[in-house]
Structure formats: structure tokens, C-alpha cells
Amino acid sequence: MRAAAVRVRGLSRRRAEVLALIGTDCSNQEIAAALRIEERTVKAHTAALFEQLGVHSRIQLAQAALLVRLEDCT
């Protein structure tokens, strides 16, 4: 999971925003509304995040987002 958290640093701004909202347990619909994008765009970003971070579940994405937030606090 730490490797995924390290890879977060290389994300685009938009993908980082999507990841942060996934980390707060937002649904795709809520993320789309918050970022003013289509839900299918959120799904595309989420699929790309799985690949870029090397994780296999939305829970792992949320964990990576949390680790990054925790590291930012130290």
C-alpha cells in the first residue's frame, strides 16, 4: 500500500482530486457533482487510478488517499 501512496505524487491534478474524494467515501455520482464532470469521466479516472497505483479495489484507493493525507500531516 505504501508503494501506491508514493505513486499518488505523480498523479494529474484531476486524478488526485478524484482520489481524494474516493478517500472520503464519495460515490461516483457525488464526485461527478463536486467536480462538475460526467459520472462516466469519474469512472474513467477511477479505472486509470487502479492501474496507475497498482491496486485492485476502491477500498485500496481510499487507503492510498488516507496514507497520503497522513504523510502530509507529518
# chains A, B, ... in the order shown; residues from 1 in each chain; ligands from 1
>>> residues_around(residues="range 48-59 of chain A", least_positions_apart="3", cutoff="8 Å", atoms="only C-alpha atoms", output="number ranges by chain")
A: 3-5, 7-8, 15, 19, 22, 44-45, 62-63
>>> select_by_dssp(residues="chain A", states="helix (DSSP H, G or I)", output="PyMOL selection string")
chain A and resi 2-10+13-23+28-35+39-53+58-73
